[in-house]
Structure formats: structure tokens, C-alpha cells
file query.cif (mmCIF, C-alpha atoms)
data_input
loop_
_atom_site.group_PDB
_atom_site.id
_atom_site.type_symbol
_atom_site.label_atom_id
_atom_site.label_comp_id
_atom_site.auth_asym_id
_atom_site.auth_seq_id
_atom_site.Cartn_x
_atom_site.Cartn_y
_atom_site.Cartn_z
ATOM 1 C CA MET D 29 -22.421 -8.450 -23.171
ATOM 2 C CA LYS D 30 -20.017 -6.121 -21.413
ATOM 3 C CA SER D 31 -18.370 -6.792 -18.069
ATOM 4 C CA LEU D 32 -16.993 -4.619 -15.294
ATOM 5 C CA PHE D 33 -13.818 -6.158 -13.849
ATOM 6 C CA LEU D 34 -12.816 -5.172 -10.312
ATOM 7 C CA ILE D 35 -9.314 -5.487 -8.873
ATOM 8 C CA ASN D 36 -8.834 -4.770 -5.167
ATOM 9 C CA ARG D 37 -5.194 -5.755 -4.564
ATOM 10 C CA SER D 38 -1.695 -5.249 -5.948
ATOM 11 C CA PHE D 39 -0.921 -7.277 -9.060
ATOM 12 C CA THR D 40 2.177 -8.222 -10.999
ATOM 13 C CA GLN D 41 2.129 -7.609 -14.765
ATOM 14 C CA GLU D 42 1.764 -11.358 -15.322
ATOM 15 C CA LYS D 43 -1.294 -11.543 -13.122
ATOM 16 C CA LEU D 44 -2.738 -8.365 -14.588
ATOM 17 C CA ASN D 45 -2.258 -9.805 -18.098
ATOM 18 C CA GLU D 46 -4.439 -12.782 -17.147
ATOM 19 C CA CYS D 47 -7.264 -10.366 -16.543
ATOM 20 C CA LEU D 48 -6.556 -8.066 -19.503
ATOM 21 C CA SER D 49 -6.330 -11.025 -21.890
ATOM 22 C CA ILE D 50 -9.930 -12.064 -21.330
ATOM 23 C CA MET D 51 -11.354 -8.541 -21.449
ATOM 24 C CA SER D 52 -13.118 -7.392 -24.596
ATOM 25 C CA ASP D 53 -12.878 -3.831 -25.876
ATOM 26 C CA GLN D 54 -16.293 -3.117 -24.364
ATOM 27 C CA ASP D 55 -15.220 -4.199 -20.891
ATOM 28 C CA LEU D 56 -13.830 -1.941 -18.188
ATOM 29 C CA LEU D 57 -11.305 -2.671 -15.439
ATOM 30 C CA LEU D 58 -11.827 -0.675 -12.251
ATOM 31 C CA PHE D 59 -9.118 -0.498 -9.573
ATOM 32 C CA ILE D 60 -10.630 -0.261 -6.093
ATOM 33 C CA GLU D 61 -9.373 -0.563 -2.470
ATOM 34 C CA ASP D 62 -5.718 -1.716 -2.456
ATOM 35 C CA GLY D 63 -5.994 -2.218 -6.221
ATOM 36 C CA VAL D 64 -5.267 1.514 -6.568
ATOM 37 C CA ASN D 65 -1.749 0.747 -5.282
ATOM 38 C CA ASN D 66 -1.090 -0.578 -8.804
ATOM 39 C CA LEU D 67 -1.130 3.024 -10.010
ATOM 40 C CA LEU D 68 2.319 3.480 -8.435
ATOM 41 C CA ASN D 69 3.857 0.606 -10.382
ATOM 42 C CA HIS D 70 5.823 1.945 -13.360
ATOM 43 C CA ASN D 71 6.251 -1.615 -14.650
ATOM 44 C CA LEU D 72 2.572 -2.221 -15.319
ATOM 45 C CA SER D 73 0.994 -1.440 -18.657
ATOM 46 C CA PHE D 74 -2.725 -1.360 -19.365
ATOM 47 C CA ASN D 75 -3.842 -2.078 -22.936
ATOM 48 C CA LYS D 76 -7.549 -2.123 -22.159
ATOM 49 C CA GLN D 77 -9.996 0.393 -20.777
ATOM 50 C CA CYS D 78 -9.135 0.983 -17.106
ATOM 51 C CA LYS D 79 -10.268 3.396 -14.417
ATOM 52 C CA ALA D 80 -9.397 4.019 -10.771
ATOM 53 C CA PHE D 81 -11.697 4.748 -7.842
ATOM 54 C CA LEU D 82 -10.872 8.179 -6.443
ATOM 55 C CA PRO D 83 -12.000 7.762 -2.790
ATOM 56 C CA ASP D 84 -9.623 4.807 -2.378
ATOM 57 C CA MET D 85 -6.790 6.818 -3.929
ATOM 58 C CA VAL D 86 -7.452 9.758 -1.600
ATOM 59 C CA LEU D 87 -7.584 7.499 1.452
ATOM 60 C CA ARG D 88 -4.228 5.913 0.598
ATOM 61 C CA GLY D 89 -2.522 9.055 -0.695
ATOM 62 C CA ILE D 90 -1.918 7.414 -4.076
ATOM 63 C CA PRO D 91 -1.256 9.926 -6.877
ATOM 64 C CA ASN D 92 -2.425 9.274 -10.428
ATOM 65 C CA THR D 93 0.712 10.668 -12.027
ATOM 66 C CA VAL D 94 2.287 7.462 -13.356
ATOM 67 C CA HIS D 95 -0.505 6.035 -15.509
ATOM 68 C CA SER D 96 -2.968 8.950 -15.468
ATOM 69 C CA LEU D 97 -5.995 6.666 -15.587
ATOM 70 C CA PRO D 98 -9.514 8.058 -15.904
ATOM 71 C CA ILE D 99 -11.211 8.379 -12.529
ATOM 72 C CA VAL D 100 -14.452 7.140 -11.009
ATOM 73 C CA ASN D 101 -15.128 10.010 -8.622
ATOM 74 C CA ASN D 102 -17.547 8.596 -6.072
ATOM 75 C CA TYR D 103 -19.761 5.701 -5.042
ATOM 76 C CA GLN D 104 -22.665 6.980 -7.124
ATOM 77 C CA GLU D 105 -20.566 6.738 -10.290
ATOM 78 C CA TRP D 106 -19.472 3.235 -9.275
ATOM 79 C CA VAL D 107 -23.106 2.178 -8.806
ATOM 80 C CA ASP D 108 -23.955 3.712 -12.193
ATOM 81 C CA LEU D 109 -21.193 1.607 -13.762
ATOM 82 C CA CYS D 110 -22.532 -1.552 -12.136
ATOM 83 C CA ILE D 111 -25.963 -0.773 -13.598
ATOM 84 C CA ASP D 112 -24.552 0.101 -17.005
ATOM 85 C CA PHE D 113 -22.520 -3.109 -17.331
ATOM 86 C CA ASP D 114 -24.167 -6.504 -17.674
ATOM 87 C CA LYS D 115 -22.079 -8.099 -14.918
ATOM 88 C CA ALA D 116 -19.365 -7.275 -12.391
ATOM 89 C CA ILE D 117 -16.439 -9.681 -11.947
ATOM 90 C CA SER D 118 -14.088 -9.439 -8.955
ATOM 91 C CA TRP D 119 -10.711 -10.607 -10.271
ATOM 92 C CA LYS D 120 -8.417 -12.198 -7.669
ATOM 93 C CA MET W 11 16.835 -7.907 23.430
ATOM 94 C CA LYS W 12 17.274 -6.543 19.895
ATOM 95 C CA VAL W 13 14.024 -6.972 18.020
ATOM 96 C CA LEU W 14 13.249 -6.234 14.376
ATOM 97 C CA VAL W 15 9.611 -5.677 13.420
ATOM 98 C CA VAL W 16 8.932 -6.006 9.691
ATOM 99 C CA ILE W 17 5.921 -4.218 8.224
ATOM 100 C CA SER W 18 5.033 -5.504 4.761
ATOM 101 C CA SER W 19 1.255 -5.178 4.763
ATOM 102 C CA SER W 20 -0.706 -2.412 3.142
ATOM 103 C CA PRO W 21 -1.753 0.243 5.704
ATOM 104 C CA PHE W 22 -5.418 -0.122 4.788
ATOM 105 C CA LYS W 23 -5.773 -3.860 4.241
ATOM 106 C CA GLY W 24 -6.652 -5.503 7.529
ATOM 107 C CA ASP W 25 -4.919 -4.612 10.766
ATOM 108 C CA LYS W 26 -1.478 -6.126 10.268
ATOM 109 C CA ALA W 27 0.361 -2.850 9.694
ATOM 110 C CA LYS W 28 -1.334 -1.218 12.675
ATOM 111 C CA GLU W 29 -0.718 -4.249 14.869
ATOM 112 C CA SER W 30 2.944 -4.280 13.878
ATOM 113 C CA VAL W 31 3.298 -0.657 14.969
ATOM 114 C CA ASP W 32 1.458 -1.427 18.232
ATOM 115 C CA LEU W 33 3.729 -4.422 18.801
ATOM 116 C CA SER W 34 6.807 -2.242 18.270
ATOM 117 C CA LEU W 35 5.631 0.332 20.811
ATOM 118 C CA SER W 36 4.753 -2.364 23.345
ATOM 119 C CA LEU W 37 8.140 -4.040 23.011
ATOM 120 C CA ALA W 38 9.908 -0.701 23.329
ATOM 121 C CA ALA W 39 7.865 0.109 26.442
ATOM 122 C CA PHE W 40 9.346 -3.032 28.007
ATOM 123 C CA ASP W 41 12.878 -1.858 27.248
ATOM 124 C CA HIS W 42 13.571 -3.961 24.191
ATOM 125 C CA GLU W 43 15.751 -2.365 21.550
ATOM 126 C CA VAL W 44 13.318 -2.181 18.644
ATOM 127 C CA SER W 45 14.025 -1.539 14.962
ATOM 128 C CA LEU W 46 11.329 -1.119 12.316
ATOM 129 C CA LEU W 47 11.599 -2.221 8.699
ATOM 130 C CA PHE W 48 9.060 -1.191 6.056
ATOM 131 C CA LYS W 49 8.995 -3.280 2.906
ATOM 132 C CA GLY W 50 6.647 -4.220 0.050
ATOM 133 C CA GLU W 51 3.170 -2.765 0.485
ATOM 134 C CA GLY W 52 4.210 -1.719 3.979
ATOM 135 C CA LEU W 53 6.148 1.095 2.313
ATOM 136 C CA LEU W 54 2.817 2.756 1.600
ATOM 137 C CA CYS W 55 2.584 3.528 5.337
ATOM 138 C CA LEU W 56 5.259 6.139 4.661
ATOM 139 C CA LEU W 57 3.271 8.214 2.166
ATOM 140 C CA GLU W 58 2.436 11.729 3.319
ATOM 141 C CA ASP W 59 -1.003 12.135 1.835
ATOM 142 C CA HIS W 60 -3.062 9.476 3.595
ATOM 143 C CA GLN W 61 -6.515 10.857 4.300
ATOM 144 C CA PRO W 62 -8.197 8.262 6.530
ATOM 145 C CA LYS W 63 -10.840 10.712 7.656
ATOM 146 C CA SER W 64 -12.086 10.918 4.051
ATOM 147 C CA SER W 65 -13.366 7.356 4.546
ATOM 148 C CA GLY W 66 -14.365 7.741 8.179
ATOM 149 C CA LEU W 67 -11.273 5.946 9.500
ATOM 150 C CA LYS W 68 -8.987 6.861 12.369
ATOM 151 C CA ASP W 69 -5.498 8.117 11.494
ATOM 152 C CA TYR W 70 -3.644 5.536 13.540
ATOM 153 C CA PHE W 71 -0.368 6.213 11.746
ATOM 154 C CA ARG W 72 -0.140 9.469 13.688
ATOM 155 C CA ILE W 73 1.386 7.235 16.337
ATOM 156 C CA LEU W 74 4.499 7.004 14.171
ATOM 157 C CA LYS W 75 5.319 10.501 15.429
ATOM 158 C CA ALA W 76 5.804 8.927 18.840
ATOM 159 C CA LEU W 77 8.562 6.516 17.822
ATOM 160 C CA ASP W 78 11.190 8.842 19.275
ATOM 161 C CA LEU W 79 9.372 8.937 22.619
ATOM 162 C CA TYR W 80 9.587 5.161 22.727
ATOM 163 C CA GLU W 81 13.257 5.354 21.766
ATOM 164 C CA ILE W 82 12.678 3.565 18.474
ATOM 165 C CA GLU W 83 15.363 5.278 16.475
ATOM 166 C CA SER W 84 16.260 2.620 13.912
ATOM 167 C CA VAL W 85 13.706 2.770 11.117
ATOM 168 C CA TYR W 86 14.526 1.218 7.752
ATOM 169 C CA ALA W 87 12.801 1.010 4.386
ATOM 170 C CA PHE W 88 13.653 -1.632 1.821
ATOM 171 C CA GLU W 89 13.675 -0.304 -1.726
ATOM 172 C CA CYS W 90 11.038 -1.865 -3.936
ATOM 173 C CA GLN W 91 10.678 -1.457 -7.699
ATOM 174 C CA GLN W 92 6.946 -2.088 -7.499
ATOM 175 C CA TYR W 93 6.453 0.854 -5.141
ATOM 176 C CA PRO W 94 9.061 3.517 -5.962
ATOM 177 C CA ILE W 95 7.735 5.665 -3.160
ATOM 178 C CA ASN W 96 11.048 7.369 -2.475
ATOM 179 C CA GLN W 97 10.121 9.395 -5.569
ATOM 180 C CA LEU W 98 6.909 10.550 -3.883
ATOM 181 C CA LYS W 99 6.074 12.844 -1.001
ATOM 182 C CA LEU W 100 6.887 10.966 2.179
ATOM 183 C CA SER W 101 5.548 11.487 5.664
ATOM 184 C CA GLN W 102 7.544 13.860 7.821
ATOM 185 C CA ARG W 103 6.622 11.717 10.799
ATOM 186 C CA ILE W 104 9.621 9.458 10.273
ATOM 187 C CA SER W 105 12.785 9.493 8.202
ATOM 188 C CA PRO W 106 13.688 5.906 7.352
ATOM 189 C CA LEU W 107 17.099 4.803 6.240
ATOM 190 C CA TRP W 108 16.768 3.278 2.769
ATOM 191 C CA CYS W 109 18.453 -0.075 2.500
ATOM 192 C CA THR W 110 19.352 -2.633 -0.143
ATOM 193 C CA ALA W 111 19.238 -6.446 -0.065
ATOM 194 C CA ASP W 112 22.735 -6.623 1.470
ATOM 195 C CA LYS W 113 21.708 -4.338 4.301
ATOM 196 C CA LEU W 114 18.536 -6.345 4.776
ATOM 197 C CA GLN W 115 20.557 -9.534 5.344
ATOM 198 C CA GLU W 116 22.716 -7.646 7.801
ATOM 199 C CA LEU W 117 19.637 -6.388 9.651
ATOM 200 C CA LEU W 118 18.124 -9.852 9.951
ATOM 201 C CA ALA W 119 21.421 -11.238 11.234
ATOM 202 C CA SER W 120 22.006 -8.488 13.763
ATOM 203 C CA HIS W 121 18.676 -8.844 15.602
ATOM 204 C CA GLU W 122 17.950 -11.605 18.085
ATOM 205 C CA MET W 123 14.266 -11.760 17.228
ATOM 206 C CA VAL W 124 12.326 -10.835 14.090
ATOM 207 C CA PHE W 125 8.559 -10.318 13.996
ATOM 208 C CA HIS W 126 6.810 -10.332 10.620
ATOM 209 C CA LEU W 127 3.026 -10.354 11.007
#

call {"tool": "encode", "arguments": {"input": "query.cif", "output": "C-alpha cells"}}
result
Amino acid sequence: MKSLFLINRSFTQEKLNECLSIMSDQDLLLFIEDGVNNLLNHNLSFNKQCKAFLPDMVLRGIPNTVHSLPIVNNYQEWVDLCIDFDKAISWK
Amino acid sequence: MKVLVVISSSPFKGDKAKESVDLSLSLAAFDHEVSLLFKGEGLLCLLEDHQPKSSGLKDYFRILKALDLYEIESVYAFECQQYPINQLKLSQRISPLWCTADKLQELLASHEMVFHL
């Protein structure tokens, strides 16, 4: 079973580690809404598969220069991910 | 009255950032001496490349251009390691004075009223 984790707010490394620690290598973490603000944080490190949602980055003017994460370009790709993964988990 | 309005909410999470700006303009319109302080996620209000129209939203931060008209001249930004936005392209709408923790204490002490929504 593979899970799609969703983060929609700013996290500290400690809080992010909680999420990363329970992710398997098959899982994916997607930053959406204010979760894309985490892309500005030099202090965060991601040791699992992570992506960021482009429309939310564009809206907020958040560049992808710090972590250079792979991008989910639009809502269609997000829906495709939700279909491809067995479950979606919003991580608070 | 000297009033400090602190903006620490993300510009696109709820209405707190917008309401803080509206509050500042309203207070200034009634002749209060208003200062603005951006901190935490509120610093993201200062980024240049917001594109609200890309998500069908109104660009309400255009109103920041009007701060001068309302005689809001004291605008501060509190440095934050989590959001090192002074290394990014900042809005030309306002030029905040970057301040440290010492300056922040001074600011809080020098204003008669502080609003932090």
C-alpha cells in the first residue's frame, strides 16, 4: 500500500520529521497551499520523496530555488496522484 | 495615539493579514500614528511575485502602495530564519526597515497600543 501525504502549512523540522518517519519509500509527500512556504526554509531537509504543487507556489510567489523539489503542475496531475496512490493523508 | 499593528499571518491563509492592513488604514484615517510590523509568515506579504489572479483571487495587497497616502511611514520587518525573504525579490510597494529582537522590544515599548490579530 502506498500513501500520498499532504501538508498545507508551515512546519518545523521536528514536526516534518514526524511525518517523514512514518513514510515508506513508496509514499509521496506533497506540499500544497501554505505548505509550499516550507520551500523557503533552508533549515528543512527532506529524506523522502517530496513534491510541491505549482499553482500554490505561483499564487504565493514562492520560488523553488532552495530545495528544488519536483513539481506537480496542475490540479489534473494532483487528481492523478490521488488515483494512483491507495490513500491520501492530510498531515497536521 | 501611537499604534503598532503586527502582521504575522500568511497572506493567503484566512483573512488575518488583509484585516490587519485594513485595520491599519482605518486607524490612520482617524489620525492615529500607525506603525506596521511584519513577522513570521506575515513576511510573505512582502514578496514581489504574488500572483493572486492565477487562482482567481483579488490582489488586495495592492493597497500597500497606499500606505504613504495614509501617512503610515513606519514599516518594519522582523528577521526570521525560517523565512529568509530578505534574500528574495521583495515588493517595491513598501520598503520595510529590518529589525532585530532588540529593536522589536523597543517598538513594543514605544507604542501605546499593539494589535496582533

call {"tool": "interface_residues", "arguments": {"input": "query.cif", "of": "chain W", "to": "chain D", "cutoff": "8 Å", "atoms": "only C-alpha atoms", "output": "list in words"}}
result
Ser20, Phe22, Lys23, Leu54, Leu57, Glu58, Asp59, His60, Gln61, Pro62, Lys63, Ser64, Ser65, Gln91, Gln92, Tyr93, Pro94 and Ile95 of chain W

call {"tool": "resolve_selection", "arguments": {"input": "query.cif", "expression": "the PyMOL selection byres ((chain W and resi 14-16) around 12)", "output": "MDAnalysis selection string"}}
result
chainID W and resid 11:13 17:19 26:38 42:53 82:88 114 116:127

call {"tool": "write_last_selection", "arguments": {"input": "query.cif", "atoms": "C-alpha atoms", "output": "PDB file, in the coordinates of the input"}}
result
ATOM      1  CA  MET W  11      16.835  -7.907  23.430  1.00  0.00           C
ATOM      2  CA  LYS W  12      17.274  -6.543  19.895  1.00  0.00           C
ATOM      3  CA  VAL W  13      14.024  -6.972  18.020  1.00  0.00           C
ATOM      4  CA  ILE W  17       5.921  -4.218   8.224  1.00  0.00           C
ATOM      5  CA  SER W  18       5.033  -5.504   4.761  1.00  0.00           C
ATOM      6  CA  SER W  19       1.255  -5.178   4.763  1.00  0.00           C
ATOM      7  CA  LYS W  26      -1.478  -6.126  10.268  1.00  0.00           C
ATOM      8  CA  ALA W  27       0.361  -2.850   9.694  1.00  0.00           C
ATOM      9  CA  LYS W  28      -1.334  -1.218  12.675  1.00  0.00           C
ATOM     10  CA  GLU W  29      -0.718  -4.249  14.869  1.00  0.00           C
ATOM     11  CA  SER W  30       2.944  -4.280  13.878  1.00  0.00           C
ATOM     12  CA  VAL W  31       3.298  -0.657  14.969  1.00  0.00           C
ATOM     13  CA  ASP W  32       1.458  -1.427  18.232  1.00  0.00           C
ATOM     14  CA  LEU W  33       3.729  -4.422  18.801  1.00  0.00           C
ATOM     15  CA  SER W  34       6.807  -2.242  18.270  1.00  0.00           C
ATOM     16  CA  LEU W  35       5.631   0.332  20.811  1.00  0.00           C
ATOM     17  CA  SER W  36       4.753  -2.364  23.345  1.00  0.00           C
ATOM     18  CA  LEU W  37       8.140  -4.040  23.011  1.00  0.00           C
ATOM     19  CA  ALA W  38       9.908  -0.701  23.329  1.00  0.00           C
ATOM     20  CA  HIS W  42      13.571  -3.961  24.191  1.00  0.00           C
ATOM     21  CA  GLU W  43      15.751  -2.365  21.550  1.00  0.00           C
ATOM     22  CA  VAL W  44      13.318  -2.181  18.644  1.00  0.00           C
ATOM     23  CA  SER W  45      14.025  -1.539  14.962  1.00  0.00           C
ATOM     24  CA  LEU W  46      11.329  -1.119  12.316  1.00  0.00           C
ATOM     25  CA  LEU W  47      11.599  -2.221   8.699  1.00  0.00           C
ATOM     26  CA  PHE W  48       9.060  -1.191   6.056  1.00  0.00           C
ATOM     27  CA  LYS W  49       8.995  -3.280   2.906  1.00  0.00           C
ATOM     28  CA  GLY W  50       6.647  -4.220   0.050  1.00  0.00           C
ATOM     29  CA  GLU W  51       3.170  -2.765   0.485  1.00  0.00           C
ATOM     30  CA  GLY W  52       4.210  -1.719   3.979  1.00  0.00           C
ATOM     31  CA  LEU W  53       6.148   1.095   2.313  1.00  0.00           C
ATOM     32  CA  ILE W  82      12.678   3.565  18.474  1.00  0.00           C
ATOM     33  CA  GLU W  83      15.363   5.278  16.475  1.00  0.00           C
ATOM     34  CA  SER W  84      16.260   2.620  13.912  1.00  0.00           C
ATOM     35  CA  VAL W  85      13.706   2.770  11.117  1.00  0.00           C
ATOM     36  CA  TYR W  86      14.526   1.218   7.752  1.00  0.00           C
ATOM     37  CA  ALA W  87      12.801   1.010   4.386  1.00  0.00           C
ATOM     38  CA  PHE W  88      13.653  -1.632   1.821  1.00  0.00           C
ATOM     39  CA  LEU W 114      18.536  -6.345   4.776  1.00  0.00           C
ATOM     40  CA  GLU W 116      22.716  -7.646   7.801  1.00  0.00           C
ATOM     41  CA  LEU W 117      19.637  -6.388   9.651  1.00  0.00           C
ATOM     42  CA  LEU W 118      18.124  -9.852   9.951  1.00  0.00           C
ATOM     43  CA  ALA W 119      21.421 -11.238  11.234  1.00  0.00           C
ATOM     44  CA  SER W 120      22.006  -8.488  13.763  1.00  0.00           C
ATOM     45  CA  HIS W 121      18.676  -8.844  15.602  1.00  0.00           C
ATOM     46  CA  GLU W 122      17.950 -11.605  18.085  1.00  0.00           C
ATOM     47  CA  MET W 123      14.266 -11.760  17.228  1.00  0.00           C
ATOM     48  CA  VAL W 124      12.326 -10.835  14.090  1.00  0.00           C
ATOM     49  CA  PHE W 125       8.559 -10.318  13.996  1.00  0.00           C
ATOM     50  CA  HIS W 126       6.810 -10.332  10.620  1.00  0.00           C
ATOM     51  CA  LEU W 127       3.026 -10.354  11.007  1.00  0.00           C
TER      52      LEU W 127
END

call {"tool": "residues_near_point", "arguments": {"input": "query.cif", "point": "(-10.1, -12.7, -16.4)", "cutoff": "10 Å", "atoms": "only C-alpha atoms", "output": "mmCIF file with C-alpha atoms, in the frame of the given file"}}
result
data_model
loop_
_atom_site.group_PDB
_atom_site.id
_atom_site.type_symbol
_atom_site.label_atom_id
_atom_site.label_comp_id
_atom_site.auth_asym_id
_atom_site.auth_seq_id
_atom_site.Cartn_x
_atom_site.Cartn_y
_atom_site.Cartn_z
ATOM 1 C CA PHE D 33 -13.818 -6.158 -13.849
ATOM 2 C CA LYS D 43 -1.294 -11.543 -13.122
ATOM 3 C CA LEU D 44 -2.738 -8.365 -14.588
ATOM 4 C CA ASN D 45 -2.258 -9.805 -18.098
ATOM 5 C CA GLU D 46 -4.439 -12.782 -17.147
ATOM 6 C CA CYS D 47 -7.264 -10.366 -16.543
ATOM 7 C CA LEU D 48 -6.556 -8.066 -19.503
ATOM 8 C CA SER D 49 -6.330 -11.025 -21.890
ATOM 9 C CA ILE D 50 -9.930 -12.064 -21.330
ATOM 10 C CA MET D 51 -11.354 -8.541 -21.449
ATOM 11 C CA ILE D 117 -16.439 -9.681 -11.947
ATOM 12 C CA SER D 118 -14.088 -9.439 -8.955
ATOM 13 C CA TRP D 119 -10.711 -10.607 -10.271
ATOM 14 C CA LYS D 120 -8.417 -12.198 -7.669
#

call {"tool": "atom_distance", "arguments": {"input": "query.cif", "atom1": "atom CA of W:Leu56", "atom2": "atom CA of W:Leu74"}}
result
9.6 Å

call {"tool": "residues_around", "arguments": {"input": "query.cif", "residues": "stretch 94-104 of chain D", "least_positions_apart": "4", "cutoff": "6 Å", "atoms": "only C-alpha atoms", "output": "list in words"}}
result
Lys79, Ala80, Phe81 and Leu82 of chain D

call {"tool": "atom_distance", "arguments": {"input": "query.cif", "atom1": "atom CA of D:Lys30", "atom2": "atom CA of D:Gln77"}}
result
12.0 Å

call {"tool": "atom_distance", "arguments": {"input": "query.cif", "atom1": "atom CA of D:Trp106", "atom2": "atom CA of W:Cys55"}}
result
26.5 Å

call {"tool": "closest_residue", "arguments": {"input": "query.cif", "among": "W:Trp108, W:Gly66, W:Ala39, W:Gln115", "to": "W:Asn96", "atoms": "all atoms listed in the file"}}
result
W:Trp108

call {"tool": "build_atoms", "arguments": {"input": "query.cif", "residues": "stretch 61-83 of chain W", "atoms": "N, CA and C atoms", "output": "PDB file, in the frame of the given file"}}
result
ATOM      1  N   GLN W  61      -5.398  10.064   3.757  1.00  0.00           N
ATOM      2  CA  GLN W  61      -6.515  10.857   4.300  1.00  0.00           C
ATOM      3  C   GLN W  61      -7.572   9.907   4.864  1.00  0.00           C
ATOM      4  N   PRO W  62      -7.265   9.246   5.971  1.00  0.00           N
ATOM      5  CA  PRO W  62      -8.197   8.262   6.530  1.00  0.00           C
ATOM      6  C   PRO W  62      -9.560   8.845   6.870  1.00  0.00           C
ATOM      7  N   LYS W  63      -9.554  10.118   7.271  1.00  0.00           N
ATOM      8  CA  LYS W  63     -10.840  10.712   7.656  1.00  0.00           C
ATOM      9  C   LYS W  63     -11.789  10.812   6.468  1.00  0.00           C
ATOM     10  N   SER W  64     -11.230  10.841   5.242  1.00  0.00           N
ATOM     11  CA  SER W  64     -12.086  10.918   4.051  1.00  0.00           C
ATOM     12  C   SER W  64     -12.972   9.687   3.933  1.00  0.00           C
ATOM     13  N   SER W  65     -12.554   8.577   4.573  1.00  0.00           N
ATOM     14  CA  SER W  65     -13.366   7.356   4.546  1.00  0.00           C
ATOM     15  C   SER W  65     -13.868   6.998   5.942  1.00  0.00           C
ATOM     16  N   GLY W  66     -13.833   7.969   6.835  1.00  0.00           N
ATOM     17  CA  GLY W  66     -14.365   7.741   8.179  1.00  0.00           C
ATOM     18  C   GLY W  66     -13.480   6.867   9.046  1.00  0.00           C
ATOM     19  N   LEU W  67     -12.183   6.775   8.712  1.00  0.00           N
ATOM     20  CA  LEU W  67     -11.273   5.946   9.500  1.00  0.00           C
ATOM     21  C   LEU W  67     -10.427   6.812  10.427  1.00  0.00           C
ATOM     22  N   LYS W  68      -9.863   6.163  11.426  1.00  0.00           N
ATOM     23  CA  LYS W  68      -8.987   6.861  12.369  1.00  0.00           C
ATOM     24  C   LYS W  68      -7.571   6.893  11.792  1.00  0.00           C
ATOM     25  N   ASP W  69      -6.870   7.995  12.000  1.00  0.00           N
ATOM     26  CA  ASP W  69      -5.498   8.117  11.494  1.00  0.00           C
ATOM     27  C   ASP W  69      -4.529   7.507  12.510  1.00  0.00           C
ATOM     28  N   TYR W  70      -4.464   6.169  12.510  1.00  0.00           N
ATOM     29  CA  TYR W  70      -3.644   5.536  13.540  1.00  0.00           C
ATOM     30  C   TYR W  70      -2.154   5.660  13.253  1.00  0.00           C
ATOM     31  N   PHE W  71      -1.790   6.065  12.034  1.00  0.00           N
ATOM     32  CA  PHE W  71      -0.368   6.213  11.746  1.00  0.00           C
ATOM     33  C   PHE W  71       0.208   7.498  12.335  1.00  0.00           C
ATOM     34  N   ARG W  72      -0.669   8.301  12.943  1.00  0.00           N
ATOM     35  CA  ARG W  72      -0.140   9.469  13.688  1.00  0.00           C
ATOM     36  C   ARG W  72       0.799   9.009  14.790  1.00  0.00           C
ATOM     37  N   ILE W  73       0.575   7.768  15.242  1.00  0.00           N
ATOM     38  CA  ILE W  73       1.386   7.235  16.337  1.00  0.00           C
ATOM     39  C   ILE W  73       2.859   7.122  15.924  1.00  0.00           C
ATOM     40  N   LEU W  74       3.104   7.113  14.629  1.00  0.00           N
ATOM     41  CA  LEU W  74       4.499   7.004  14.171  1.00  0.00           C
ATOM     42  C   LEU W  74       5.330   8.207  14.629  1.00  0.00           C
ATOM     43  N   LYS W  75       4.610   9.320  14.903  1.00  0.00           N
ATOM     44  CA  LYS W  75       5.319  10.501  15.429  1.00  0.00           C
ATOM     45  C   LYS W  75       5.950  10.198  16.779  1.00  0.00           C
ATOM     46  N   ALA W  76       5.382   9.202  17.461  1.00  0.00           N
ATOM     47  CA  ALA W  76       5.804   8.927  18.840  1.00  0.00           C
ATOM     48  C   ALA W  76       6.973   7.949  18.917  1.00  0.00           C
ATOM     49  N   LEU W  77       7.483   7.518  17.778  1.00  0.00           N
ATOM     50  CA  LEU W  77       8.562   6.516  17.822  1.00  0.00           C
ATOM     51  C   LEU W  77       9.743   7.003  18.658  1.00  0.00           C
ATOM     52  N   ASP W  78      10.065   8.279  18.507  1.00  0.00           N
ATOM     53  CA  ASP W  78      11.190   8.842  19.275  1.00  0.00           C
ATOM     54  C   ASP W  78      10.957   8.725  20.786  1.00  0.00           C
ATOM     55  N   LEU W  79       9.700   9.003  21.186  1.00  0.00           N
ATOM     56  CA  LEU W  79       9.372   8.937  22.619  1.00  0.00           C
ATOM     57  C   LEU W  79       9.589   7.537  23.176  1.00  0.00           C
ATOM     58  N   TYR W  80       9.391   6.555  22.303  1.00  0.00           N
ATOM     59  CA  TYR W  80       9.587   5.161  22.727  1.00  0.00           C
ATOM     60  C   TYR W  80      11.020   4.686  22.458  1.00  0.00           C
ATOM     61  N   GLU W  81      11.839   5.635  22.060  1.00  0.00           N
ATOM     62  CA  GLU W  81      13.257   5.354  21.766  1.00  0.00           C
ATOM     63  C   GLU W  81      13.424   4.321  20.655  1.00  0.00           C
ATOM     64  N   ILE W  82      12.507   4.371  19.689  1.00  0.00           N
ATOM     65  CA  ILE W  82      12.678   3.565  18.474  1.00  0.00           C
ATOM     66  C   ILE W  82      13.330   4.484  17.441  1.00  0.00           C
ATOM     67  N   GLU W  83      14.623   4.359  17.331  1.00  0.00           N
ATOM     68  CA  GLU W  83      15.363   5.278  16.475  1.00  0.00           C
ATOM     69  C   GLU W  83      15.811   4.636  15.164  1.00  0.00           C
TER      70      GLU W  83
END
